[in-house]
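Asker: First the structure, then my questions, so here it is.
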Amino acid sequence: MELDKMDENEWRYHGEGNKSLVVSHVQLSIVLRLLKYPAEDSENPPQTVEQAFRQVQNIVDFSSNVMSCLLGEKFVHSGEVVKLPLEFVRQLSIKVQHERPAWRCDKVMDIYSGCALCLPNLTSPTLHQPTHTPTLCIEIKPKCGFLPYSKHVSQDIKTKVCRFCMHQHYKVAMGTWKRRSRYCPLDLFSGNRQRMHFAIRQLIDEPQNNLKIFKGGRCIFSSLDGIEDSMDLNSLLHHLRPYFQYGNNRINSHMTSKALLTDFIQVVVNALLSAGGGDGGVGTDRRGEARSFCEASLFNKERSRHGSQGSPSDSVLYRVRQTQMLDTLDIEGLYPLYRRVEQHLQDFPKERTRLQMDGPYNEAFLEKLHKCPSEDDGSLEYAVSKVHQYRVAMTAKDSQIMVALVPSCEEEEDDEGLPGQRQHRDFLSSRPPAFSYSVSILDLDPKPFDNIPRQLRLDQNIVSCYLRSSCALP
Ligand code: ATP
Ligand code: MG
Ligand code: ZN
Ligand code: MG
């Protein structure tokens with residue numbers, strides 16, 4: 001990619017979240033991730049070019065120096081900051097506008113700074129070999145996978161029903177989504193294949209912003225609109241069918257839709273439980289065992305009573321959940337510490353830099369995070385350390401897991417993978433056909449310090465909404 005010869009015709013709309021818009025290259029397996037601003041700021045950028053550059057550099061640093069250490073290098077691709085020609089960015093923004101979902105258009109793409117993040121395209125690691133079967137890719141935003149165990153939790157319900165399940169009631173009440181999702185993160189993180197299967201099945205039924213499926217780098221299944229239905233399940237099955245009738249004695253038999261979906265989900269479950277290529281031990285996540293059930297989950301508890309041992313300690317799920325669990329105090333216990341830091345910063349504004357409240361996210365930051373007294377000694381350092389840990393946990397709760405799959409018989413000729421991309425391929429031992437896969441974690445942006453009060457309010461709103469609506473239930 002030559003930055004001075006950028007051509008918007010070589011890029012296409014790929015997807016977006018709340019904070020950024022992503023375009024993918026039509027030939028190379030790379031994406032550009034651009035910042036978004038609220039639409040009302042579209043005439044006036046809310047930050048200078050230098051600030052935008054800092055923001056994107058902070059994202060790279062946070063991902064490569066902090067999150068990668070906690071989640072495991074093999075899962076994290078931090079990318080690099082690029083400075084794009086403004087004319088290219090303007091043309092690009094016009095080009096992608098009509099492909100953007102309406103419910104995301106309350107924000108506009110940053111066309112002022114020219115700063116972007118260049119990343120490997122994790123949905124199509126083999127796109128450069130057009131003769132090969134297109135990669136299938138499943139993107140899951142799992143959300144928080146444990147129940148808070150902090151003594152600061154004031155409402156008992158928070159230790160029984162997980163945050164995601166409670167939040168669903170709030171989101172439907174607020175009109176964000178039309179129906180509640182029956183997905184429960186605790187099922188996905190359980191390590192129990194049946195519960196995980198159930199969780200992924202629920203994501204397919206109601207993907208909201210927690211599931212996307214790509215084929216050959218193109219999104220083929222997601223939630224179409226904020227309140228509309230998801231894409232057609234039949235069309236998903238149509239896309240999946242060739243992958244699952246491949247190379248075995250099913251060639252002439254017609255698989256039922258149910259069997260097809262079961263096989264597909266099983267392949268995803270296997271990849272999520274795998275070591276991601278490493279050969280670590282088979283330890284399991286026993287810490288969360290005692291409270292690994294959410295009372296709101298519809299999974300039949302009897303069926304899995306004997307089998308929720310937690311995910312293997314070398315799996316992506318284990319790493320994500322361990323990082324989420326750096327939120328040891330819950331927002332209720334964290335908030336007073338936030339106030340301690342904030343008070344200090346009001347008195348000594350220059351301390352904001354020394355305490356690295358907005359970065360830089362380097363080794364010193366990681367050290368502050370780890371070097372935390374076990375009990376609150378009333379110090380500023382304890383409070384800062386806990387705030388940093390909380391922010392890291394927030395990032396892990398908001399990240400996505402990407403599982404890219406290709407039928408493995410094709411992959412045998414291609415054991416090199418893409419240059420610049422760490423891939424871990426294994427042969428899944430499940431039912432035929434086998435897939436080779438690559439697992440990554442993305443969207444690892446630092447969460448602003450100043451967001452913490454909003455988190456407390458949101459938590460209170462979610463809990464009171466849940467208590468109201470569950471009382472109203474028969
Ligand atoms: P959120 O609202 O979840 O915070 P965000 O605005 O931070 O999202 P991302 O999740 O990083 O943005 O990116 C938006 C979407 O773009 C993702 O859901 C994913 O589908 C796609 N995407 C992002 N990075 C990559 C990548 N490296 N390769 C392929 N697709 C990507
Ligand atoms: Mg995202
Ligand atoms: Zn739940
Ligand atoms: Mg994000």
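All residue names refer to the structure tokens as shown: chains lettered A, B, ... in order, residues numbered from 1 in each chain, ligands numbered from 1 in order.
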Neighbours of stretch 162-172 of chain A within 6 Å (only C-alpha atoms; same-chain residues fewer than 2 positions away dropped), as a PyMOL selection string?

Answerer: chain A and resi 147+174-178+180+294+462+465-466

Asker: Hey, which bits of chain A sit within 7 Å of ligand 1, and for each residue what's the closest pair of atoms and how far apart in Å (one decimal), counting only C-alpha atoms and all ligand atoms, rows by chain and increasing number, as a tab-separated table?

Answerer:
residue	atom	partner	partner_atom_place_in_ligand_line	distance
A:His14	CA	ligand 1	16 (O)	6.3
A:Gly15	CA	ligand 1	16 (O)	4.4
A:Glu16	CA	ligand 1	14 (C)	3.8
A:Gly17	CA	ligand 1	6 (O)	3.2
A:Asn18	CA	ligand 1	2 (O)	3.5
A:Lys19	CA	ligand 1	6 (O)	3.3
A:Ser20	CA	ligand 1	6 (O)	3.8
A:Leu21	CA	ligand 1	14 (C)	6.0
A:Val22	CA	ligand 1	16 (O)	5.1
A:Val31	CA	ligand 1	28 (N)	6.0
A:Arg33	CA	ligand 1	24 (N)	6.6
A:Leu119	CA	ligand 1	27 (N)	4.9
A:Pro120	CA	ligand 1	27 (N)	5.1
A:Asn121	CA	ligand 1	28 (N)	3.6
A:Leu122	CA	ligand 1	28 (N)	3.9
A:Thr123	CA	ligand 1	29 (C)	4.8
A:Glu139	CA	ligand 1	20 (O)	6.8
A:Lys212	CA	ligand 1	20 (O)	6.8
A:Asp398	CA	ligand 1	3 (O)	6.2
A:Ser399	CA	ligand 1	3 (O)	6.6
A:Gln400	CA	ligand 1	10 (O)	6.8
A:Leu442	CA	ligand 1	11 (O)	6.2
A:Asp443	CA	ligand 1	11 (O)	3.9
A:Asp445	CA	ligand 1	7 (O)	6.8

Asker: Can those selected residues be exported to a file as a PDB file, in the first residue's frame so that it contains N, CA and C atoms?

Answerer:
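Final file, again.pdb:
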ATOM      1  N   HIS A  14     -16.512  -2.130   4.888  1.00  0.00           N
ATOM      2  CA  HIS A  14     -16.387  -3.449   5.502  1.00  0.00           C
ATOM      3  C   HIS A  14     -17.300  -3.591   6.718  1.00  0.00           C
ATOM      4  N   GLY A  15     -17.383  -2.567   7.521  1.00  0.00           N
ATOM      5  CA  GLY A  15     -18.236  -2.641   8.711  1.00  0.00           C
ATOM      6  C   GLY A  15     -17.933  -1.469   9.624  1.00  0.00           C
ATOM      7  N   GLU A  16     -18.692  -1.390  10.710  1.00  0.00           N
ATOM      8  CA  GLU A  16     -18.400  -0.334  11.670  1.00  0.00           C
ATOM      9  C   GLU A  16     -18.945  -0.678  13.038  1.00  0.00           C
ATOM     10  N   GLY A  17     -18.394  -0.017  14.034  1.00  0.00           N
ATOM     11  CA  GLY A  17     -18.900  -0.132  15.390  1.00  0.00           C
ATOM     12  C   GLY A  17     -19.375   1.236  15.822  1.00  0.00           C
ATOM     13  N   ASN A  18     -19.358   1.457  17.109  1.00  0.00           N
ATOM     14  CA  ASN A  18     -19.815   2.736  17.635  1.00  0.00           C
ATOM     15  C   ASN A  18     -18.748   3.819  17.479  1.00  0.00           C
ATOM     16  N   LYS A  19     -17.474   3.396  17.468  1.00  0.00           N
ATOM     17  CA  LYS A  19     -16.380   4.361  17.491  1.00  0.00           C
ATOM     18  C   LYS A  19     -15.622   4.468  16.175  1.00  0.00           C
ATOM     19  N   SER A  20     -15.694   3.418  15.338  1.00  0.00           N
ATOM     20  CA  SER A  20     -14.881   3.475  14.133  1.00  0.00           C
ATOM     21  C   SER A  20     -15.550   2.809  12.953  1.00  0.00           C
ATOM     22  N   LEU A  21     -15.084   3.224  11.774  1.00  0.00           N
ATOM     23  CA  LEU A  21     -15.597   2.675  10.520  1.00  0.00           C
ATOM     24  C   LEU A  21     -14.436   1.972   9.821  1.00  0.00           C
ATOM     25  N   VAL A  22     -14.722   0.807   9.236  1.00  0.00           N
ATOM     26  CA  VAL A  22     -13.649  -0.008   8.678  1.00  0.00           C
ATOM     27  C   VAL A  22     -13.879  -0.243   7.184  1.00  0.00           C
ATOM     28  N   VAL A  31      -7.152  -3.913   6.251  1.00  0.00           N
ATOM     29  CA  VAL A  31      -8.262  -2.974   6.456  1.00  0.00           C
ATOM     30  C   VAL A  31      -7.717  -1.653   6.999  1.00  0.00           C
ATOM     31  N   ARG A  33      -9.012   1.319   9.635  1.00  0.00           N
ATOM     32  CA  ARG A  33     -10.023   1.596  10.659  1.00  0.00           C
ATOM     33  C   ARG A  33      -9.958   3.090  10.949  1.00  0.00           C
ATOM     34  N   LEU A 119      -4.672  -2.452   9.678  1.00  0.00           N
ATOM     35  CA  LEU A 119      -4.640  -3.766  10.338  1.00  0.00           C
ATOM     36  C   LEU A 119      -4.732  -4.880   9.310  1.00  0.00           C
ATOM     37  N   PRO A 120      -4.258  -6.080   9.657  1.00  0.00           N
ATOM     38  CA  PRO A 120      -4.532  -7.214   8.768  1.00  0.00           C
ATOM     39  C   PRO A 120      -6.039  -7.469   8.734  1.00  0.00           C
ATOM     40  N   ASN A 121      -6.553  -7.876   7.589  1.00  0.00           N
ATOM     41  CA  ASN A 121      -7.972  -8.198   7.506  1.00  0.00           C
ATOM     42  C   ASN A 121      -8.190  -9.587   8.092  1.00  0.00           C
ATOM     43  N   LEU A 122      -8.743  -9.619   9.284  1.00  0.00           N
ATOM     44  CA  LEU A 122      -8.874 -10.889  10.001  1.00  0.00           C
ATOM     45  C   LEU A 122     -10.028 -11.737   9.492  1.00  0.00           C
ATOM     46  N   THR A 123     -10.863 -11.161   8.624  1.00  0.00           N
ATOM     47  CA  THR A 123     -11.978 -11.957   8.095  1.00  0.00           C
ATOM     48  C   THR A 123     -11.593 -12.715   6.835  1.00  0.00           C
ATOM     49  N   GLU A 139     -17.511 -13.632  13.923  1.00  0.00           N
ATOM     50  CA  GLU A 139     -17.094 -12.595  14.866  1.00  0.00           C
ATOM     51  C   GLU A 139     -18.097 -12.556  16.016  1.00  0.00           C
ATOM     52  N   LYS A 212     -21.424 -11.553  13.920  1.00  0.00           N
ATOM     53  CA  LYS A 212     -21.382 -11.304  12.472  1.00  0.00           C
ATOM     54  C   LYS A 212     -20.715 -12.523  11.851  1.00  0.00           C
ATOM     55  N   ASP A 398     -15.571  -5.475  26.097  1.00  0.00           N
ATOM     56  CA  ASP A 398     -16.144  -4.870  24.896  1.00  0.00           C
ATOM     57  C   ASP A 398     -15.505  -5.371  23.600  1.00  0.00           C
ATOM     58  N   SER A 399     -14.553  -6.284  23.713  1.00  0.00           N
ATOM     59  CA  SER A 399     -13.807  -6.706  22.527  1.00  0.00           C
ATOM     60  C   SER A 399     -14.561  -7.782  21.755  1.00  0.00           C
ATOM     61  N   GLN A 400     -14.079  -8.112  20.597  1.00  0.00           N
ATOM     62  CA  GLN A 400     -14.678  -9.167  19.790  1.00  0.00           C
ATOM     63  C   GLN A 400     -13.662 -10.274  19.546  1.00  0.00           C
ATOM     64  N   LEU A 442     -10.112  -8.609  18.658  1.00  0.00           N
ATOM     65  CA  LEU A 442      -9.979  -7.261  18.112  1.00  0.00           C
ATOM     66  C   LEU A 442     -10.813  -6.250  18.888  1.00  0.00           C
ATOM     67  N   ASP A 443     -10.650  -4.994  18.492  1.00  0.00           N
ATOM     68  CA  ASP A 443     -11.314  -3.873  19.156  1.00  0.00           C
ATOM     69  C   ASP A 443     -10.800  -3.738  20.597  1.00  0.00           C
ATOM     70  N   ASP A 445      -9.433  -0.977  22.150  1.00  0.00           N
ATOM     71  CA  ASP A 445      -9.189   0.445  22.442  1.00  0.00           C
ATOM     72  C   ASP A 445      -9.244   0.728  23.942  1.00  0.00           C
TER      73      ASP A 445
END

Asker: Under the rule that only C-alpha atoms are counted, which of A:Lys447, A:Lys36, A:Arg104, A:Lys95 is the nearest residue to A:Ala116?

Answerer: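 Distance minimum relative to A:Ala116 lands on A:Lys36.
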
Asker: To one decimal in Å, tell me the separation between atom CA of A:Ser68 and atom CA of A:Leu117.

Answerer: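 Here the two named atoms are 16.6 Å from each other.
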
Asker: Would you kindly return, as a ChimeraX atom specification, each protein, DNA or RNA residue with an atom no farther than 9 Å from any atom of A:Tyr390, considering only C-alpha atoms and excluding same-chain residues fewer than 5 positions away?

Answerer: /A:324-331,334,385,395

Asker: Considering only C-alpha atoms, state which residue in the set A:Phe198, A:Tyr382, A:Phe62, A:Phe214 is at the smallest distance from A:Thr262.

Answerer: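 Closest to A:Thr262, using only C-alpha atoms: A:Phe198.
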
Asker: When you look at A:Thr48 with a cut-off of 9 Å (counting only C-alpha atoms), what residues show up, excluding the ones that are within fewer than 4 positions of it in the same chain? I need them as a PyMOL selection string.

Answerer: chain A and resi 52-53+112-113

Asker: Which residue is closest to A:Val81? Choose from A:Gln97, A:Gln322, A:Gln155, A:Asn58 and count only C-alpha atoms.

Answerer: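 So, comparing all the options, the nearest one is A:Asn58.
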
Asker: Using only C-alpha atoms, which residue out of A:Ala39, A:Leu86, A:Leu444, A:Leu136 lies closest to A:Met6?

Answerer: A:Leu86

Asker: Name the closest residue to A:Gln245 among the candidates A:Asp263, A:Asp314, A:Glu375, A:Glu50; distances are taken between atoms, counting only C-alpha atoms.

Answerer: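 Closest to A:Gln245 of all the choices is A:Asp263.
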
Asker: Please determine, counting only C-alpha atoms, which residue among A:Met109, A:Leu28, A:Asn65, A:Glu8 has the shortest atom-to-atom distance to A:Gln91.

Answerer: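 The closest residue to A:Gln91 is A:Glu8.
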